[in-house]
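Engineer: The file below is input06.json, JSON, C-alpha atoms:
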[["chain", "number", "residue", "atom", "x", "y", "z"],
["A", 9, "SER", "CA", -103.08, 71.17, -18.48],
["A", 10, "LEU", "CA", -101.06, 73.68, -16.54],
["A", 11, "VAL", "CA", -102.45, 75.51, -13.50],
["A", 12, "VAL", "CA", -100.47, 78.36, -11.95],
["A", 13, "ARG", "CA", -102.06, 79.86, -8.85],
["A", 14, "ALA", "CA", -101.09, 83.40, -7.95],
["A", 15, "GLY", "CA", -102.04, 86.31, -5.71],
["A", 16, "ASP", "CA", -103.77, 89.54, -6.75],
["A", 17, "PHE", "CA", -102.46, 90.80, -10.08],
["A", 18, "PHE", "CA", -100.71, 94.14, -10.52],
["A", 19, "GLY", "CA", -98.37, 95.59, -13.08],
["A", 20, "PRO", "CA", -98.03, 98.04, -15.96],
["A", 21, "GLY", "CA", -101.12, 97.97, -18.15],
["A", 22, "VAL", "CA", -103.10, 95.95, -15.60],
["A", 23, "THR", "CA", -106.09, 98.24, -15.29],
["A", 24, "ASN", "CA", -108.61, 95.95, -13.60],
["A", 25, "SER", "CA", -106.90, 95.14, -10.31],
["A", 26, "TRP", "CA", -107.33, 95.85, -6.63],
["A", 27, "LEU", "CA", -104.23, 98.02, -6.73],
["A", 28, "THR", "CA", -105.34, 100.31, -9.58],
["A", 29, "GLN", "CA", -109.11, 100.21, -9.09],
["A", 30, "VAL", "CA", -109.33, 100.44, -5.29],
["A", 31, "ILE", "CA", -106.08, 100.96, -3.39],
["A", 32, "ALA", "CA", -104.45, 103.70, -5.52],
["A", 33, "LYS", "CA", -107.31, 104.56, -7.84],
["A", 34, "GLY", "CA", -105.83, 107.89, -8.97],
["A", 35, "ARG", "CA", -102.40, 106.30, -9.33],
["A", 36, "ALA", "CA", -99.81, 109.10, -9.22],
["A", 37, "THR", "CA", -102.47, 111.68, -8.28],
["A", 38, "SER", "CA", -104.13, 109.67, -5.50],
["A", 39, "GLN", "CA", -105.36, 111.85, -2.64],
["A", 40, "SER", "CA", -105.60, 108.83, -0.34],
["A", 41, "LEU", "CA", -105.11, 105.09, -0.42],
["A", 42, "VAL", "CA", -107.77, 102.50, 0.41],
["A", 43, "ASP", "CA", -106.84, 99.39, 2.39],
["A", 44, "PRO", "CA", -109.21, 96.44, 1.82],
["A", 45, "GLY", "CA", -107.29, 94.17, 4.22],
["A", 46, "ALA", "CA", -107.85, 93.29, 7.84],
["A", 47, "ALA", "CA", -105.28, 94.68, 10.27],
["A", 48, "GLY", "CA", -102.14, 92.59, 10.58],
["A", 49, "ILE", "CA", -103.07, 90.10, 7.83],
["A", 50, "GLY", "CA", -100.60, 89.36, 5.02],
["A", 51, "HIS", "CA", -101.62, 89.36, 1.36],
["A", 52, "ALA", "CA", -100.29, 87.67, -1.79],
["A", 53, "TRP", "CA", -99.54, 89.78, -4.88],
["A", 54, "ALA", "CA", -98.49, 88.70, -8.37],
["A", 55, "TYR", "CA", -96.55, 91.14, -10.51],
["A", 56, "VAL", "CA", -97.86, 90.23, -13.97],
["A", 57, "PRO", "CA", -94.55, 90.48, -15.91],
["A", 58, "ASP", "CA", -92.96, 88.04, -13.43],
["A", 59, "LEU", "CA", -95.98, 85.74, -13.60],
["A", 60, "ALA", "CA", -95.94, 85.81, -17.42],
["A", 61, "GLU", "CA", -92.23, 84.95, -17.45],
["A", 62, "THR", "CA", -92.93, 82.08, -15.04],
["A", 63, "VAL", "CA", -95.67, 80.64, -17.25],
["A", 64, "ALA", "CA", -93.46, 81.01, -20.35],
["A", 65, "GLN", "CA", -90.65, 79.10, -18.65],
["A", 66, "LEU", "CA", -93.05, 76.32, -17.61],
["A", 67, "VAL", "CA", -94.43, 76.06, -21.15],
["A", 68, "GLU", "CA", -90.87, 75.75, -22.46],
["A", 69, "ARG", "CA", -90.47, 72.72, -20.15],
["A", 70, "GLU", "CA", -93.73, 71.09, -21.26],
["A", 71, "SER", "CA", -92.00, 67.83, -22.17],
["A", 72, "LEU", "CA", -90.69, 67.54, -18.59],
["A", 73, "LEU", "CA", -94.08, 68.11, -16.96],
["A", 74, "ALA", "CA", -96.80, 65.62, -16.09],
["A", 75, "PRO", "CA", -100.04, 65.76, -18.14],
["A", 76, "VAL", "CA", -101.61, 67.82, -15.32],
["A", 77, "GLU", "CA", -99.43, 70.14, -13.24],
["A", 78, "VAL", "CA", -100.31, 72.66, -10.52],
["A", 79, "PHE", "CA", -97.79, 75.26, -9.36],
["A", 80, "HIS", "CA", -98.01, 78.13, -6.88],
["A", 81, "PHE", "CA", -96.41, 81.43, -7.83],
["A", 82, "GLY", "CA", -95.07, 83.03, -4.64],
["A", 83, "GLY", "CA", -94.83, 86.56, -6.05],
["A", 84, "HIS", "CA", -94.81, 89.24, -3.36],
["A", 85, "TRP", "CA", -95.99, 88.15, 0.07],
["A", 86, "ILE", "CA", -96.67, 91.38, 1.96],
["A", 87, "GLU", "CA", -97.03, 90.94, 5.72],
["A", 88, "PRO", "CA", -98.69, 92.76, 7.20],
["A", 89, "GLY", "CA", -100.78, 93.85, 4.23],
["A", 90, "ARG", "CA", -100.58, 97.47, 5.37],
["A", 91, "LEU", "CA", -96.94, 97.40, 4.31],
["A", 92, "MET", "CA", -98.14, 97.52, 0.66],
["A", 93, "MET", "CA", -99.96, 100.80, 1.39],
["A", 94, "GLU", "CA", -96.89, 102.23, 3.12],
["A", 95, "THR", "CA", -94.66, 101.22, 0.20],
["A", 96, "ILE", "CA", -97.05, 102.80, -2.31],
["A", 97, "ARG", "CA", -97.21, 106.11, -0.47],
["A", 98, "SER", "CA", -93.42, 106.09, -0.11],
["A", 99, "GLU", "CA", -93.03, 105.57, -3.88],
["A", 100, "LEU", "CA", -95.58, 108.33, -4.51],
["A", 101, "GLY", "CA", -93.31, 110.59, -2.46],
["A", 102, "ASN", "CA", -96.01, 111.27, 0.11],
["A", 103, "PRO", "CA", -95.35, 109.29, 3.32],
["A", 104, "ASN", "CA", -98.30, 111.06, 5.00],
["A", 105, "LEU", "CA", -100.86, 110.17, 2.32],
["A", 106, "PRO", "CA", -103.99, 109.07, 4.22],
["A", 107, "ILE", "CA", -104.86, 105.37, 4.26],
["A", 108, "GLN", "CA", -108.56, 104.66, 4.63],
["A", 109, "PRO", "CA", -110.30, 101.32, 5.19],
["A", 110, "PHE", "CA", -112.30, 99.86, 2.31],
["A", 111, "ALA", "CA", -116.06, 100.24, 2.80],
["A", 112, "TRP", "CA", -116.97, 96.54, 2.91],
["A", 113, "TRP", "CA", -120.33, 97.50, 4.41],
["A", 114, "GLN", "CA", -121.28, 99.16, 1.10],
["A", 115, "VAL", "CA", -120.42, 95.97, -0.77],
["A", 116, "THR", "CA", -122.60, 94.00, 1.65],
["A", 117, "LEU", "CA", -125.55, 96.37, 1.12],
["A", 118, "GLY", "CA", -125.21, 96.22, -2.67],
["A", 119, "ARG", "CA", -124.84, 92.44, -2.99],
["A", 120, "PRO", "CA", -128.52, 91.71, -3.67],
["A", 121, "PHE", "CA", -128.57, 94.22, -6.52],
["A", 122, "SER", "CA", -125.23, 93.66, -8.22],
["A", 123, "PRO", "CA", -123.60, 90.40, -9.37],
["A", 124, "PHE", "CA", -120.27, 92.28, -9.40],
["A", 125, "LEU", "CA", -120.57, 93.30, -5.74],
["A", 126, "ASN", "CA", -121.64, 89.77, -4.88],
["A", 127, "GLU", "CA", -118.44, 88.44, -6.48],
["A", 128, "ILE", "CA", -116.30, 90.99, -4.61],
["A", 129, "SER", "CA", -117.98, 89.97, -1.36],
["A", 130, "GLU", "CA", -117.18, 86.31, -2.03],
["A", 131, "MET", "CA", -113.48, 87.19, -2.31],
["A", 132, "ARG", "CA", -113.37, 89.14, 0.95],
["A", 133, "TYR", "CA", -111.89, 86.15, 2.78],
["A", 134, "LEU", "CA", -108.66, 86.69, 0.82],
["A", 135, "TRP", "CA", -108.30, 90.05, 2.61],
["A", 136, "ASN", "CA", -109.19, 88.65, 6.05],
["A", 137, "THR", "CA", -107.14, 85.44, 5.99],
["A", 138, "ALA", "CA", -103.42, 85.08, 5.43],
["A", 139, "LEU", "CA", -103.09, 82.83, 2.38],
["A", 140, "GLN", "CA", -99.45, 82.58, 1.36],
["A", 141, "LEU", "CA", -98.70, 80.49, -1.73],
["A", 142, "ASP", "CA", -95.93, 77.91, -1.33],
["A", 143, "ASN", "CA", -93.74, 78.12, -4.44],
["A", 144, "ARG", "CA", -91.24, 75.36, -3.54],
["A", 145, "LYS", "CA", -92.47, 73.05, -6.32],
["A", 146, "LEU", "CA", -92.18, 75.90, -8.85],
["A", 147, "VAL", "CA", -88.67, 76.81, -7.72],
["A", 148, "ALA", "CA", -87.65, 73.14, -7.85],
["A", 149, "GLN", "CA", -88.86, 73.01, -11.48],
["A", 150, "LEU", "CA", -87.39, 76.34, -12.66],
["A", 151, "GLY", "CA", -84.44, 76.86, -10.32],
["A", 152, "SER", "CA", -85.83, 80.24, -9.25],
["A", 153, "GLU", "CA", -89.00, 82.30, -9.57],
["A", 154, "PRO", "CA", -88.82, 85.52, -11.61],
["A", 155, "HIS", "CA", -89.04, 88.34, -9.07],
["A", 156, "THR", "CA", -89.00, 92.10, -9.64],
["A", 157, "PRO", "CA", -88.29, 94.12, -6.48],
["A", 158, "LEU", "CA", -91.51, 95.47, -4.96],
["A", 159, "ARG", "CA", -90.62, 99.16, -5.24],
["A", 160, "THR", "CA", -89.71, 98.76, -8.93],
["A", 161, "ALA", "CA", -92.95, 96.84, -9.57],
["A", 162, "ILE", "CA", -95.06, 99.51, -7.84],
["A", 163, "ARG", "CA", -93.37, 102.34, -9.76],
["A", 164, "ALA", "CA", -94.00, 100.53, -13.07],
["A", 165, "THR", "CA", -97.62, 99.79, -12.13],
["A", 166, "LEU", "CA", -98.37, 103.38, -11.14],
["A", 167, "ALA", "CA", -96.43, 104.72, -14.18],
["A", 168, "LEU", "CA", -94.00, 106.62, -11.97],
["A", 169, "PRO", "CA", -90.57, 107.55, -13.31],
["A", 170, "MET", "CA", -87.82, 105.17, -12.24],
["A", 171, "PRO", "CA", -85.15, 106.75, -10.03],
["A", 172, "SER", "CA", -81.85, 107.36, -11.79]]
Go through the file and emit its structure as structure tokens.

Structural biologist:
Amino acid sequence: SLVVRAGDFFGPGVTNSWLTQVIAKGRATSQSLVDPGAAGIGHAWAYVPDLAETVAQLVERESLLAPVEVFHFGGHWIEPGRLMMETIRSELGNPNLPIQPFAWWQVTLGRPFSPFLNEISEMRYLWNTALQLDNRKLVAQLGSEPHTPLRTAIRATLALPMPS
């Protein structure tokens, strides 16, 4: 079996993610951004096309792998996490776009009534604790980790035109 651990997913066509469902819900027409992270805490992100390429390369090397392998995909480590919000508003062309904190208190109130909110609440620690994935084993196996520049990945995720 092959296990590849990664940060929060984002990318073109990824509709059910923190980035597209919470942070920049309106994508190109967002009136504000929502920051679920604690101040000063880094956050791990996985750009899905890079992650998919990583898994494909590992599968191609199946004969070289042990029967059970675990790899960490480094992806984009954004520290502090607020830097992701600043990069998004820069790519949206609105450096003054308001950034509001996520209403975790609403999640807490709704937990008893919603399995979904209960699951979100259980993942809150990932926004309050810096958890950077060490990809040295992956890089040793592949030679490098596929890595799209953050600005390009954000533009593709939010379906913004690429600069010429």

Engineer: Can you pull out the residues contacting Gly48 in chain A? Cut-off 12 Å, using all atoms listed in the file, and skip same-chain residues under 4 positions away; I want them as a list in words.

Structural biologist: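 So the residues in contact are Asp43, Pro44, Ile86, Glu87, Pro88, Gly89, Arg90, Leu91, Met92, Trp135, Asn136, Thr137 and Ala138 of chain A.
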
Engineer: Those residues you just picked out, can you put them in a file as a compact mmCIF listing (two decimals), in the coordinates of the input with C-alpha atoms?

Structural biologist:
# COMPACT_ATOMS: atom_id res chain seq x y z
CA ASP A 43 -106.84 99.39 2.39
CA PRO A 44 -109.21 96.44 1.82
CA ILE A 86 -96.67 91.38 1.96
CA GLU A 87 -97.03 90.94 5.72
CA PRO A 88 -98.69 92.76 7.20
CA GLY A 89 -100.78 93.85 4.23
CA ARG A 90 -100.58 97.47 5.37
CA LEU A 91 -96.94 97.40 4.31
CA MET A 92 -98.14 97.52 0.66
CA TRP A 135 -108.30 90.05 2.61
CA ASN A 136 -109.19 88.65 6.05
CA THR A 137 -107.14 85.44 5.99
CA ALA A 138 -103.42 85.08 5.43

Engineer: So how many Å separate CA of Asp58 in chain A and CA of Phe81 in chain A, to one decimal?

Structural biologist: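 It comes out at 9.3 Å.
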
Engineer: Produce the centre coordinates and the three edge lengths, each in Å to one decimal, of the box along x, y and z that contains all listed atoms of range 107-116 of chain A with 6 Å added on each side, as JSON.

Structural biologist:
{"center_x": -113.7, "center_y": 99.7, "center_z": 2.2, "size_x": 29.7, "size_y": 23.4, "size_z": 18.0}

Engineer: With distances taken over all atoms listed in the file, which residue among A:Gly15, A:Pro106, A:Pro154, A:Gly21 lies nearest His80 in chain A?

Structural biologist: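 Looking at the shortest contact to His80 in chain A, the residue is A:Gly15.
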
Engineer: Could you work out how far CA of Leu27 in chain A lies from CA of Ala14 in chain A, giving the answer in Å with one decimal?

Structural biologist: 15.0 Å

Engineer: From the options A:His51, A:Val76, A:Gly82, A:Val63, which residue's atoms come nearest to Asp142 in chain A, counting only C-alpha atoms?

Structural biologist: A:Gly82
